[in-house]
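Asker: File model_23.txt follows (compact mmCIF, C-alpha atoms):
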# COMPACT_ATOMS: atom_id res chain seq x y z
CA MET A 322 -1.06 -31.49 -8.74
CA ALA A 323 -0.26 -28.63 -11.07
CA LYS A 324 -3.33 -26.61 -11.83
CA THR A 325 -3.69 -25.18 -15.28
CA PRO A 326 -4.00 -21.43 -14.93
CA GLN A 327 -7.50 -20.12 -15.40
CA PRO A 328 -8.15 -17.55 -18.08
CA GLN A 329 -7.14 -14.28 -16.53
CA THR A 330 -9.76 -11.66 -15.92
CA GLU A 331 -8.75 -8.19 -14.87
CA GLU A 332 -10.93 -5.62 -13.26
CA ILE A 333 -9.82 -2.08 -12.53
CA LEU A 334 -11.25 -0.82 -9.28
CA ASP A 335 -11.76 2.88 -9.97
CA GLU A 336 -14.55 5.40 -9.47
CA THR A 337 -15.92 5.11 -12.98
CA ARG A 338 -16.83 1.44 -12.66
CA GLU A 339 -20.00 0.51 -10.83
CA VAL A 340 -20.80 -2.60 -8.85
CA THR A 341 -24.02 -3.84 -7.25
CA LEU A 342 -24.55 -4.79 -3.63
CA ALA A 343 -24.50 -8.44 -4.72
CA ASP A 344 -21.14 -7.90 -6.49
CA LEU A 345 -19.71 -6.41 -3.30
CA THR A 346 -20.86 -9.23 -1.03
CA ARG A 347 -19.55 -11.84 -3.44
CA THR A 348 -16.20 -10.19 -4.15
CA CYS A 349 -15.45 -9.29 -0.53
CA ARG A 350 -17.20 -12.35 0.92
CA VAL A 351 -19.18 -10.35 3.44
CA HIS A 352 -22.83 -10.32 4.45
CA ALA A 353 -25.09 -7.71 2.91
CA GLU A 354 -26.00 -6.66 6.46
CA TRP A 355 -22.44 -5.57 7.09
CA VAL A 356 -22.34 -3.53 3.88
CA LEU A 357 -25.60 -1.90 5.01
CA GLU A 358 -24.01 -1.07 8.34
CA LEU A 359 -21.05 0.51 6.57
CA VAL A 360 -23.48 2.61 4.52
CA GLU A 361 -25.36 3.64 7.69
CA GLU A 362 -22.09 4.69 9.27
CA GLY A 363 -21.14 6.70 6.19
CA VAL A 364 -18.10 4.55 5.35
CA LEU A 365 -19.62 3.67 1.98
CA GLU A 366 -21.93 5.74 -0.15
CA PRO A 367 -24.26 4.32 -2.78
CA LEU A 368 -24.10 6.27 -6.02
CA GLN A 369 -27.86 7.01 -6.10
CA PRO A 370 -29.13 6.39 -2.56
CA GLY A 371 -32.76 6.72 -3.66
CA GLY A 372 -32.45 4.43 -6.69
CA PRO A 373 -34.29 1.11 -7.04
CA GLN A 374 -31.07 -0.88 -6.71
CA TRP A 375 -27.97 0.28 -4.91
CA ARG A 376 -24.86 0.68 -7.00
CA PHE A 377 -21.42 1.55 -5.67
CA ALA A 378 -18.14 2.75 -7.14
CA ALA A 379 -15.79 -0.20 -7.66
CA THR A 380 -13.33 1.44 -5.21
CA SER A 381 -15.78 0.31 -2.49
CA VAL A 382 -14.28 -3.19 -2.79
CA VAL A 383 -10.94 -1.92 -1.48
CA ARG A 384 -12.66 0.11 1.23
CA ILE A 385 -14.66 -2.83 2.51
CA GLN A 386 -11.54 -4.98 2.64
CA LYS A 387 -9.71 -2.30 4.58
CA ALA A 388 -12.65 -2.05 6.99
CA GLN A 389 -12.60 -5.83 7.41
CA ARG A 390 -8.89 -5.86 8.15
CA LEU A 391 -9.19 -3.05 10.71
CA GLN A 392 -12.01 -4.90 12.44
CA ARG A 393 -10.28 -8.26 12.38
CA ASP A 394 -6.72 -7.18 13.17
CA LEU A 395 -7.28 -4.29 15.55
CA GLY A 396 -10.70 -5.04 17.00
CA VAL A 397 -12.01 -1.63 15.92
CA ASN A 398 -15.78 -1.13 16.08
CA LEU A 399 -17.85 0.47 13.32
CA PRO A 400 -17.56 4.14 14.38
CA GLY A 401 -13.84 3.50 14.92
CA ILE A 402 -13.53 2.06 11.43
CA ALA A 403 -15.30 5.09 9.99
CA LEU A 404 -12.98 7.45 11.86
CA ALA A 405 -9.84 5.51 10.96
CA LEU A 406 -10.72 5.39 7.26
CA GLU A 407 -11.47 9.09 7.19
CA LEU A 408 -8.18 9.95 8.86
CA LEU A 409 -6.28 7.56 6.56
CA ASP A 410 -7.90 9.25 3.54
CA ARG A 411 -6.73 12.61 4.84
CA ILE A 412 -3.21 11.34 5.42
CA ASP A 413 -3.15 9.94 1.87
CA ALA A 414 -4.31 13.28 0.45
CA LEU A 415 -1.78 15.25 2.50
CA GLU A 416 1.06 12.93 1.57
CA ALA A 417 0.14 13.23 -2.11
CA ARG A 418 0.23 17.02 -1.78
CA LEU A 419 3.53 16.86 0.02
CA ARG A 420 4.99 14.78 -2.80
CA ALA A 421 3.60 17.16 -5.43
CA ALA A 422 5.14 20.18 -3.71
CA ALA A 423 8.85 20.28 -4.37
CA VAL A 424 10.80 19.54 -1.23
CA PRO A 425 13.42 22.28 -0.67
CA PRO A 426 17.05 21.15 -0.49
CA PRO A 427 18.64 20.96 2.97
CA SER A 428 19.90 24.24 4.41
CA GLU A 429 23.52 25.19 4.17
CA ASP A 430 25.27 26.71 7.17
CA ALA A 431 25.61 30.45 6.78
CA ASP A 432 29.03 31.93 7.53
CA MET B 991 15.20 -22.59 11.10
CA GLU B 992 15.68 -19.48 13.18
CA TYR B 993 14.61 -19.13 16.77
CA LYS B 994 11.99 -16.44 17.33
CA ASP B 995 12.14 -14.48 20.56
CA TYR B 996 8.47 -13.68 20.95
CA TYR B 997 9.04 -11.65 24.11
CA LYS B 998 11.64 -9.49 22.43
CA ILE B 999 9.42 -9.01 19.38
CA LEU B 1000 6.64 -7.62 21.59
CA GLY B 1001 9.14 -5.75 23.78
CA VAL B 1002 8.02 -7.35 27.04
CA GLU B 1003 9.81 -9.19 29.84
CA ARG B 1004 9.63 -12.96 29.98
CA ASN B 1005 7.62 -12.68 33.19
CA ALA B 1006 5.12 -10.20 31.73
CA THR B 1007 1.48 -10.69 32.69
CA GLN B 1008 -1.10 -11.67 30.08
CA ASP B 1009 -2.47 -8.12 30.31
CA GLU B 1010 0.93 -6.59 29.62
CA ILE B 1011 1.37 -8.87 26.63
CA LYS B 1012 -2.03 -7.90 25.30
CA ARG B 1013 -1.32 -4.19 25.71
CA ALA B 1014 2.07 -4.50 24.01
CA TYR B 1015 0.55 -6.40 21.11
CA ARG B 1016 -2.37 -4.00 20.66
CA LYS B 1017 -0.02 -1.04 20.53
CA MET B 1018 2.28 -2.69 17.98
CA ALA B 1019 -0.68 -3.82 15.88
CA ARG B 1020 -2.03 -0.27 15.71
CA THR B 1021 1.38 1.20 14.92
CA TYR B 1022 2.46 -1.24 12.25
CA HIS B 1023 -0.83 -2.30 10.65
CA PRO B 1024 -0.15 -2.22 6.89
CA ASP B 1025 -3.34 -0.22 6.27
CA VAL B 1026 -2.20 2.40 8.75
CA ASN B 1027 1.57 2.44 8.25
CA LYS B 1028 2.86 2.53 4.69
CA GLU B 1029 6.53 2.51 5.65
CA ALA B 1030 8.72 -0.32 4.40
CA GLY B 1031 9.11 -2.97 7.05
CA ALA B 1032 5.87 -2.12 8.86
CA GLU B 1033 4.07 -5.14 7.46
CA ALA B 1034 6.84 -7.52 8.56
CA LYS B 1035 6.74 -6.07 12.08
CA PHE B 1036 2.96 -6.40 12.16
CA LYS B 1037 3.15 -10.05 11.13
CA ASP B 1038 5.91 -10.83 13.64
CA ALA B 1039 3.85 -9.23 16.41
CA GLY B 1040 0.79 -11.23 15.34
CA GLU B 1041 2.74 -14.46 15.45
CA ALA B 1042 4.27 -13.63 18.82
CA TYR B 1043 0.87 -12.75 20.25
CA GLU B 1044 -0.69 -15.90 18.85
CA VAL B 1045 1.68 -17.89 21.04
CA LEU B 1046 1.98 -15.71 24.14
CA LYS B 1047 -1.72 -14.90 24.53
CA ASP B 1048 -2.51 -18.59 24.89
CA PRO B 1049 -1.29 -19.80 28.31
CA GLU B 1050 -0.85 -23.34 26.98
CA LYS B 1051 1.26 -22.32 23.99
CA ARG B 1052 3.14 -19.82 26.12
CA ALA B 1053 4.01 -22.47 28.69
CA ALA B 1054 5.22 -24.81 25.95
CA TYR B 1055 7.28 -22.00 24.39
CA ASP B 1056 8.78 -21.06 27.78
CA GLU B 1057 9.81 -24.68 28.19
CA LEU B 1058 12.41 -24.12 25.45
CA GLY B 1059 14.30 -21.98 27.92
CA ALA B 1060 15.46 -18.40 27.96
CA ASN B 1061 18.91 -18.91 26.50
CA TRP B 1062 17.95 -18.74 22.85
CA GLN B 1063 18.66 -15.59 20.89
CA GLN B 1064 16.39 -14.07 18.28
CA GLY B 1065 17.48 -15.39 14.88
CA GLN B 1066 19.66 -18.16 16.29
CA GLU B 1067 19.70 -21.43 14.34
CA PHE B 1068 17.15 -23.57 16.12
CA ARG B 1069 16.08 -27.19 16.27
CA PRO B 1070 13.31 -28.15 18.67
CA PRO B 1071 14.26 -30.80 21.21
CA PRO B 1072 12.51 -34.11 20.61
CA ASN B 1073 9.07 -34.31 22.20
CA TRP B 1074 9.43 -30.79 23.51
CA ASP B 1075 5.66 -30.44 23.63
CA ALA B 1076 4.94 -33.73 25.39
CA GLY B 1077 2.78 -33.19 28.41
CA PHE B 1078 1.13 -30.03 27.17
CA GLU B 1079 -2.51 -29.99 26.29
CA PHE B 1080 -3.45 -27.89 23.32
CA SER B 1081 -7.10 -27.08 23.23
CA GLY B 1082 -8.36 -25.12 20.25
CA GLY B 1083 -5.49 -26.52 18.28
CA GLY B 1084 -3.08 -24.88 15.87
CA TYR B 1085 -3.48 -21.34 14.77
CA THR B 1086 -6.60 -19.36 14.89
CA SER B 1087 -5.62 -16.09 13.29
CA ALA B 1088 -6.79 -15.55 9.73
CA ASP B 1089 -3.34 -14.92 8.30
CA ALA B 1090 -1.69 -17.85 10.01
CA SER B 1091 -0.35 -19.15 6.71
CA GLN B 1092 2.09 -16.23 6.84
CA PHE B 1093 3.65 -17.31 10.12
CA SER B 1094 7.30 -18.29 10.29
CA ASP B 1095 8.83 -21.75 9.89
CA PHE B 1096 9.63 -21.55 13.58
CA PHE B 1097 5.96 -21.18 14.45
CA GLU B 1098 5.04 -23.89 11.96
CA GLN B 1099 7.51 -26.30 13.51
CA MET B 1100 6.46 -25.58 17.07
CA PHE B 1101 2.72 -25.22 16.81
CA GLY B 1102 1.68 -26.14 13.28
CA GLY B 1103 1.68 -29.87 13.86
CA MET B 1104 -1.40 -29.63 15.95
CA ARG B 1105 -3.52 -28.71 12.99
CA GLY B 1106 -2.05 -30.60 10.09
CA GLY B 1107 -0.75 -29.18 6.85
CA ARG B 1108 -0.23 -25.55 6.17
CA GLY B 1109 -2.23 -23.23 3.99
CA GLY B 1110 -3.59 -25.53 1.38
CA GLY B 1111 -5.58 -27.76 3.66
CA ALA B 1112 -3.84 -30.92 2.49
CA GLY B 1113 -3.55 -32.04 6.09
CA PHE B 1114 -7.25 -32.38 6.70
CA GLY B 1115 -8.25 -35.98 7.22
CA ALA B 1116 -9.62 -37.71 4.17
CA HIS B 1117 -12.75 -38.59 6.04
CA ARG B 1118 -13.56 -34.95 6.61
CA GLU B 1119 -14.79 -33.07 3.56
CA PHE B 1120 -13.86 -29.44 3.75
CA HIS B 1121 -14.18 -26.83 1.06
CA ALA B 1122 -13.36 -23.16 1.30
CA GLN B 1123 -12.38 -20.38 -1.01
CA GLY B 1124 -8.65 -19.65 -1.07
CA GLN B 1125 -7.36 -16.46 0.52
CA ASP B 1126 -7.12 -13.22 -1.38
CA HIS B 1127 -3.59 -12.07 -2.04
CA HIS B 1128 -2.38 -8.50 -2.15
CA ALA B 1129 0.67 -7.18 -3.94
CA LYS B 1130 2.02 -3.85 -5.15
CA ILE B 1131 2.95 -3.13 -8.73
CA GLU B 1132 5.20 -0.22 -9.66
CA ILE B 1133 4.70 1.44 -13.02
CA ASP B 1134 6.17 4.46 -14.75
CA LEU B 1135 4.14 7.62 -15.21
CA ARG B 1136 4.41 7.08 -18.96
CA ASP B 1137 2.63 3.72 -18.58
CA ALA B 1138 -0.32 5.49 -16.99
CA TYR B 1139 -0.51 7.84 -20.00
CA ALA B 1140 -0.18 5.23 -22.73
CA GLY B 1141 -1.29 2.01 -21.02
CA ALA B 1142 1.10 -0.92 -20.82
CA LYS B 1143 1.48 -4.62 -20.44
CA ARG B 1144 3.54 -5.92 -17.56
CA ALA B 1145 4.70 -9.39 -16.64
CA ILE B 1146 4.84 -9.70 -12.88
CA THR B 1147 6.31 -12.59 -10.97
CA LEU B 1148 4.83 -13.65 -7.67
CA ARG B 1149 6.27 -16.20 -5.30
CA MET B 1150 3.81 -18.27 -3.43
CA PRO B 1151 3.85 -21.44 -1.39
CA GLU B 1152 2.03 -24.39 -2.90
CA VAL B 1153 1.10 -27.61 -1.20
CA ASP B 1154 1.48 -30.74 -3.27
CA ALA B 1155 -0.53 -33.95 -2.96
CA GLN B 1156 1.89 -35.30 -0.35
CA GLY B 1157 1.45 -32.23 1.79
CA HIS B 1158 4.89 -30.80 1.04
CA VAL B 1159 5.23 -27.08 0.73
CA THR B 1160 7.20 -25.71 -2.18
CA VAL B 1161 7.65 -22.12 -3.24
CA LYS B 1162 6.65 -21.59 -6.83
CA ASP B 1163 7.17 -18.61 -9.09
CA ARG B 1164 4.16 -17.58 -11.04
CA THR B 1165 4.24 -15.08 -13.87
CA LEU B 1166 1.15 -13.11 -14.73
CA ASN B 1167 0.66 -10.79 -17.65
CA VAL B 1168 -1.16 -7.71 -16.48
CA THR B 1169 -2.65 -5.03 -18.68
CA ILE B 1170 -2.22 -1.57 -17.20
CA PRO B 1171 -5.04 0.54 -18.61
CA LYS B 1172 -4.46 4.08 -19.80
CA GLY B 1173 -5.33 6.61 -17.12
CA ILE B 1174 -4.68 4.41 -14.09
CA ARG B 1175 -3.82 6.42 -10.98
CA GLU B 1176 -1.65 5.83 -7.99
CA GLY B 1177 -3.39 3.88 -5.24
CA GLN B 1178 -5.89 2.24 -7.56
CA HIS B 1179 -6.30 -1.51 -7.45
CA ILE B 1180 -6.48 -4.11 -10.17
CA ARG B 1181 -8.40 -7.25 -9.23
CA LEU B 1182 -7.40 -10.53 -10.88
CA ALA B 1183 -10.20 -12.98 -10.17
CA GLY B 1184 -9.06 -16.47 -9.21
CA GLN B 1185 -5.33 -15.61 -9.06
CA GLY B 1186 -5.04 -15.66 -5.26
CA ALA B 1187 -4.38 -18.68 -3.06
CA PRO B 1188 -5.77 -21.99 -4.33
CA GLY B 1189 -9.05 -23.08 -2.75
CA ILE B 1190 -9.29 -25.76 -0.12
CA GLY B 1191 -10.99 -28.95 -1.30
CA LYS B 1192 -13.33 -28.00 -4.09
CA GLY B 1193 -13.44 -24.34 -3.05
CA PRO B 1194 -12.57 -21.74 -5.68
CA ALA B 1195 -9.26 -19.89 -5.63
CA GLY B 1196 -9.03 -16.49 -3.97
CA ASP B 1197 -8.42 -13.27 -5.87
CA LEU B 1198 -5.27 -11.27 -6.40
CA TYR B 1199 -5.32 -7.53 -5.79
CA LEU B 1200 -2.56 -5.38 -7.23
CA GLU B 1201 -2.11 -1.90 -5.83
CA VAL B 1202 -0.64 0.50 -8.35
CA ARG B 1203 2.33 2.63 -7.34
CA PHE B 1204 4.19 5.09 -9.56
CA ALA B 1205 7.95 4.93 -9.74
CA PRO B 1206 9.41 8.38 -8.95
CA ASP B 1207 9.69 10.35 -12.17
CA PRO B 1208 12.79 12.48 -12.80
CA ILE B 1209 10.80 15.54 -13.91
CA TYR B 1210 7.11 15.18 -13.07
CA ARG B 1211 5.38 14.91 -9.72
CA VAL B 1212 1.92 13.42 -9.46
CA GLU B 1213 -1.04 14.34 -7.26
CA GLY B 1214 -4.18 12.37 -8.12
CA LYS B 1215 -4.94 13.07 -11.77
CA ASP B 1216 -2.73 16.16 -11.93
CA ILE B 1217 0.97 16.35 -12.61
CA TYR B 1218 3.45 19.08 -11.65
CA LEU B 1219 6.59 20.21 -13.37
CA ASP B 1220 9.22 22.69 -12.22
CA LEU B 1221 9.80 24.90 -15.26
CA PRO B 1222 13.13 26.76 -15.29
CA VAL B 1223 12.93 30.20 -16.96
CA ALA B 1224 15.50 32.92 -17.55
CA PRO B 1225 15.01 36.22 -15.64
CA TRP B 1226 14.20 38.07 -18.88
CA GLU B 1227 11.62 35.43 -19.87
CA ALA B 1228 9.87 35.90 -16.53
CA ALA B 1229 10.18 39.70 -16.63
CA LEU B 1230 9.31 40.39 -20.24
CA GLY B 1231 7.07 37.42 -20.98
CA ALA B 1232 7.94 34.70 -23.44
CA SER B 1233 6.72 31.67 -25.27
CA VAL B 1234 8.73 28.63 -24.18
CA LYS B 1235 8.84 24.97 -25.09
CA VAL B 1236 7.59 22.75 -22.26
CA PRO B 1237 7.76 18.95 -22.08
CA THR B 1238 4.61 16.97 -21.31
CA PRO B 1239 4.41 13.18 -21.03
CA GLU B 1240 2.75 13.21 -24.45
CA GLY B 1241 5.32 15.45 -26.13
CA PRO B 1242 6.42 19.08 -25.99
CA VAL B 1243 4.01 22.03 -26.22
CA MET B 1244 4.49 25.80 -26.31
CA LEU B 1245 3.59 27.72 -23.15
CA LYS B 1246 3.12 31.48 -22.82
CA ILE B 1247 4.79 33.08 -19.81
CA PRO B 1248 3.04 36.35 -18.93
CA PRO B 1249 5.24 39.43 -18.35
CA ASN B 1250 6.27 40.22 -14.75
CA SER B 1251 6.00 36.61 -13.64
CA THR B 1252 7.72 35.76 -10.38
CA LYS B 1253 9.09 32.56 -8.90
CA GLY B 1254 6.43 29.99 -8.00
CA ARG B 1255 3.85 31.29 -10.46
CA THR B 1256 1.98 28.22 -11.65
CA MET B 1257 0.65 27.88 -15.18
CA ARG B 1258 -2.05 25.31 -15.82
CA LEU B 1259 -2.05 23.22 -18.99
CA LYS B 1260 -5.62 22.01 -19.06
CA GLY B 1261 -6.17 18.33 -19.86
CA ARG B 1262 -2.43 17.51 -19.95
CA GLY B 1263 -2.63 15.52 -16.71
CA LEU B 1264 -3.44 11.82 -16.53
CA PRO B 1265 -5.97 10.69 -19.16
CA GLY B 1266 -9.57 10.15 -18.09
CA THR B 1267 -13.00 11.69 -18.35
CA PRO B 1268 -12.30 14.42 -17.56
CA PRO B 1269 -8.51 14.20 -17.80
CA GLY B 1270 -6.29 15.80 -15.17
CA ASP B 1271 -4.26 18.97 -15.65
CA MET B 1272 -0.57 19.64 -15.82
CA HIS B 1273 0.88 22.46 -13.74
CA ALA B 1274 4.12 24.19 -14.64
CA VAL B 1275 5.68 25.88 -11.60
CA LEU B 1276 8.02 28.67 -12.67
CA LYS B 1277 11.54 28.55 -11.31
CA ILE B 1278 13.73 31.48 -12.20
CA VAL B 1279 17.28 30.45 -13.03
CA LEU B 1280 20.03 33.06 -13.04
CA PRO B 1281 22.75 32.99 -15.67
CA PRO B 1282 26.08 32.45 -13.87
CA ALA B 1283 28.31 35.51 -13.58
CA ASP B 1284 31.33 33.60 -14.82
CA THR B 1285 32.49 35.81 -17.71
CA ASP B 1286 33.42 39.50 -17.90
CA LYS B 1287 30.48 40.06 -20.20
CA ALA B 1288 28.01 38.47 -17.73
CA LYS B 1289 29.49 40.42 -14.83
CA GLU B 1290 29.17 43.64 -16.83
CA VAL B 1291 25.47 43.00 -17.50
CA TYR B 1292 24.80 42.35 -13.78
CA LYS B 1293 26.72 45.50 -12.84
CA GLU B 1294 24.68 47.49 -15.33
CA MET B 1295 21.44 46.18 -13.78
CA GLU B 1296 22.74 47.13 -10.33
CA ARG B 1297 23.49 50.66 -11.56
CA GLU B 1298 20.36 51.16 -13.63
CA LEU B 1299 17.59 49.44 -11.64
CA PRO B 1300 16.43 50.93 -8.31
CA PHE B 1301 15.63 47.53 -6.78
CA ASP B 1302 15.64 46.39 -3.15
CA PRO B 1303 14.67 42.74 -2.92
CA ARG B 1304 14.50 42.96 0.89
CA ALA B 1305 12.27 46.02 1.10
CA GLU B 1306 9.51 44.05 2.83
CA LEU B 1307 11.81 42.70 5.50
CA GLY B 1308 12.26 46.21 6.92
CA VAL B 1309 16.05 46.20 7.03
For this file, write the structure as structure tokens.

Answerer:
Amino acid sequence: MAKTPQPQTEEILDETREVTLADLTRTCRVHAEWVLELVEEGVLEPLQPGGPQWRFAATSVVRIQKAQRLQRDLGVNLPGIALALELLDRIDALEARLRAAAVPPPSEDAD
Amino acid sequence: MEYKDYYKILGVERNATQDEIKRAYRKMARTYHPDVNKEAGAEAKFKDAGEAYEVLKDPEKRAAYDELGANWQQGQEFRPPPNWDAGFEFSGGGYTSADASQFSDFFEQMFGGMRGGRGGGAGFGAHREFHAQGQDHHAKIEIDLRDAYAGAKRAITLRMPEVDAQGHVTVKDRTLNVTIPKGIREGQHIRLAGQGAPGIGKGPAGDLYLEVRFAPDPIYRVEGKDIYLDLPVAPWEAALGASVKVPTPEGPVMLKIPPNSTKGRTMRLKGRGLPGTPPGDMHAVLKIVLPPADTDKAKEVYKEMERELPFDPRAELGV
């Protein structure tokens, strides 16, 4: 039962692309209520919180999926998810800085 | 098929209590969760622990597994004895964890039969209509820094199990052509709609997410949108100032070194980082390289500096 490949659509999930709440729930297959809870907890931030319709950076897709995995795999509650994501962001930033700084060669024994 | 020692995987004794098993699993899950631990091998350990826990947390499955005996070794070639599971009641049935399709052949052989086919849903009875969207798949794609500057096309090959009409599982290679857009950064994701696992029944296919990683570059280091370069300069270039030729991923440019520059001084080349709006910057970190004193002439010049310059590099150390 070989399926013919569907036409391929690519979407880059970066900060410059915007998605709606409906896009997020469809793409991540989550309830809008859960996205709202993530916003309440500060895990996600709408681009213009006061606007008529919430829009999010496309990177939110990856963030929601990470939150889902943490909840499902580790049984972490919402404040725990928020804390874990914040700490993971900081680790990512620190590791990027560590990579950007040249690592000194190993010491040689002095005579 | 290889025997899996679920107790060894979780690091518990065979007579461990359910609580001890749970604690051991929780700890391993936190340590090796692929979102938490980026090290190679972490994901495999996480999956092994998940599979082990799936069996040992369920007293029925655990009892059936224990029935195999304690003499098997992890990785040993294994064939289940006939009717090994006779006499055990399996409530719930099969696997319950969301990523069960990733479990080992060993698990599949021992416990998969209770649910029917694997992954694709081919085993569901014909009388029961069931539709669901296929799972999302995640993969990493490594690109060169240059690809992020210019954009690129990449053919990537993914291996994935497919279930045919007879319910047999075969591994198929799939090649996808992916367009890497100019300005992509490390850690960003590309979503390919409908390229994940096939749907169950009439459900749509899942999506494929590619996480972008940069291959280590021989001269540039990357942090977000910015790139860093160690720029070797001669002592007189640093001391007297100079205009030197510097490589950038888009071709060489001239860079002015101010007089009296010291090691580690960092010169910013605005907008020479990764493309974007606004683009990132490039940073050239000065590294002073001494000419070797390997000729009489070179030695003479060093000796002249020693004689002529009142200079104590260790003045601040107080010795």

Asker: List the spatial neighbours of B:His1121 as a list of chain:residue names - criterion: any atom at most 8 Å away, all atoms listed in the file, same-chain residues fewer than 2 positions off excluded.

Answerer: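 Once the adjacent positions are removed, what remains is B:Glu1119, B:Gln1123, B:Gly1189, B:Ile1190, B:Gly1191, B:Lys1192, B:Gly1193.
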
Asker: Using Å and a single decimal, report how far atom CA of A:Leu399 sits from atom CA of A:Lys387.

Answerer: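 Going from atom CA of A:Lys387 over to atom CA of A:Leu399, I get 12.3 Å.
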
Asker: Given only C-alpha atoms, how would the per-residue table for chain B near chain A read, listing every residue at most 7 Å away with its closest atom pair and distance in Å to one decimal, sorted by chain and number, as CSV?

Answerer:
residue,atom,partner,partner_atom,distance
B:Ala1019,CA,A:Leu395,CA,6.6
B:Arg1020,CA,A:Leu395,CA,6.6
B:Asp1025,CA,A:Lys387,CA,6.9
B:Val1026,CA,A:Leu409,CA,6.9
B:Asp1154,CA,A:Met322,CA,6.1
B:Ala1155,CA,A:Met322,CA,6.3
B:Gln1178,CA,A:Asp335,CA,6.4
B:His1179,CA,A:Leu334,CA,5.3
B:Ile1180,CA,A:Ile333,CA,4.6
B:Arg1181,CA,A:Glu332,CA,5.0
B:Leu1182,CA,A:Glu331,CA,4.8
B:Ala1183,CA,A:Thr330,CA,5.9
B:Arg1211,CA,A:Ala421,CA,5.2
B:Val1212,CA,A:Ala421,CA,5.7
B:Glu1213,CA,A:Ala417,CA,5.4
B:Tyr1218,CA,A:Ala421,CA,6.5

Asker: Can I get the selection written as an mmCIF file, in the coordinates of the input, with C-alpha atoms?

Answerer:
data_model
loop_
_atom_site.group_PDB
_atom_site.id
_atom_site.type_symbol
_atom_site.label_atom_id
_atom_site.label_comp_id
_atom_site.auth_asym_id
_atom_site.auth_seq_id
_atom_site.Cartn_x
_atom_site.Cartn_y
_atom_site.Cartn_z
ATOM 1 C CA ALA B 1019 -0.680 -3.820 15.880
ATOM 2 C CA ARG B 1020 -2.030 -0.270 15.710
ATOM 3 C CA ASP B 1025 -3.340 -0.220 6.270
ATOM 4 C CA VAL B 1026 -2.200 2.400 8.750
ATOM 5 C CA ASP B 1154 1.480 -30.740 -3.270
ATOM 6 C CA ALA B 1155 -0.530 -33.950 -2.960
ATOM 7 C CA GLN B 1178 -5.890 2.240 -7.560
ATOM 8 C CA HIS B 1179 -6.300 -1.510 -7.450
ATOM 9 C CA ILE B 1180 -6.480 -4.110 -10.170
ATOM 10 C CA ARG B 1181 -8.400 -7.250 -9.230
ATOM 11 C CA LEU B 1182 -7.400 -10.530 -10.880
ATOM 12 C CA ALA B 1183 -10.200 -12.980 -10.170
ATOM 13 C CA ARG B 1211 5.380 14.910 -9.720
ATOM 14 C CA VAL B 1212 1.920 13.420 -9.460
ATOM 15 C CA GLU B 1213 -1.040 14.340 -7.260
ATOM 16 C CA TYR B 1218 3.450 19.080 -11.650
#

Asker: Could you list as a ChimeraX atom specification every residue that has an atom within 12 Å of (-6.7, -10.7, 26.7), using the file's coordinates and counting only C-alpha atoms?

Answerer: /A:396 /B:1007-1016,1043-1044,1046-1049

Asker: How many Å lie between atom CA of B:Met1295 and atom CA of B:Gly1308, rounded to one decimal?

Answerer: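 According to the coordinates, atom CA of B:Met1295 and atom CA of B:Gly1308 are separated by 22.6 Å.
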
Asker: Need the neighbours of (15.7, 36.4, -16.2): which residues are at most 12 Å away, counting only C-alpha atoms, as an mmCIF file with C-alpha atoms, keeping the file's coordinate frame?

Answerer:
data_model
loop_
_atom_site.group_PDB
_atom_site.id
_atom_site.type_symbol
_atom_site.label_atom_id
_atom_site.label_comp_id
_atom_site.auth_asym_id
_atom_site.auth_seq_id
_atom_site.Cartn_x
_atom_site.Cartn_y
_atom_site.Cartn_z
ATOM 1 C CA PRO B 1222 13.130 26.760 -15.290
ATOM 2 C CA VAL B 1223 12.930 30.200 -16.960
ATOM 3 C CA ALA B 1224 15.500 32.920 -17.550
ATOM 4 C CA PRO B 1225 15.010 36.220 -15.640
ATOM 5 C CA TRP B 1226 14.200 38.070 -18.880
ATOM 6 C CA GLU B 1227 11.620 35.430 -19.870
ATOM 7 C CA ALA B 1228 9.870 35.900 -16.530
ATOM 8 C CA ALA B 1229 10.180 39.700 -16.630
ATOM 9 C CA LEU B 1230 9.310 40.390 -20.240
ATOM 10 C CA GLY B 1231 7.070 37.420 -20.980
ATOM 11 C CA ALA B 1232 7.940 34.700 -23.440
ATOM 12 C CA ILE B 1247 4.790 33.080 -19.810
ATOM 13 C CA PRO B 1249 5.240 39.430 -18.350
ATOM 14 C CA ASN B 1250 6.270 40.220 -14.750
ATOM 15 C CA SER B 1251 6.000 36.610 -13.640
ATOM 16 C CA THR B 1252 7.720 35.760 -10.380
ATOM 17 C CA LYS B 1253 9.090 32.560 -8.900
ATOM 18 C CA LEU B 1276 8.020 28.670 -12.670
ATOM 19 C CA LYS B 1277 11.540 28.550 -11.310
ATOM 20 C CA ILE B 1278 13.730 31.480 -12.200
ATOM 21 C CA VAL B 1279 17.280 30.450 -13.030
ATOM 22 C CA LEU B 1280 20.030 33.060 -13.040
ATOM 23 C CA PRO B 1281 22.750 32.990 -15.670
ATOM 24 C CA PRO B 1282 26.080 32.450 -13.870
ATOM 25 C CA VAL B 1291 25.470 43.000 -17.500
ATOM 26 C CA TYR B 1292 24.800 42.350 -13.780
ATOM 27 C CA MET B 1295 21.440 46.180 -13.780
#

Asker: Write out as a list in words which residues come within 12 Å of B:Arg1052 when counting only C-alpha atoms, dropping same-chain ones fewer than 4 positions away.

Answerer: Asp995, Tyr996, Tyr997, Arg1004, Asn1005, Ala1006, Thr1007, Gln1008, Ile1011, Glu1041, Ala1042, Tyr1043, Glu1044, Val1045, Leu1046, Lys1047, Asp1048, Asp1056, Glu1057, Leu1058, Gly1059, Asp1075, Phe1078, Glu1079, Phe1080, Met1100 and Phe1101 of chain B
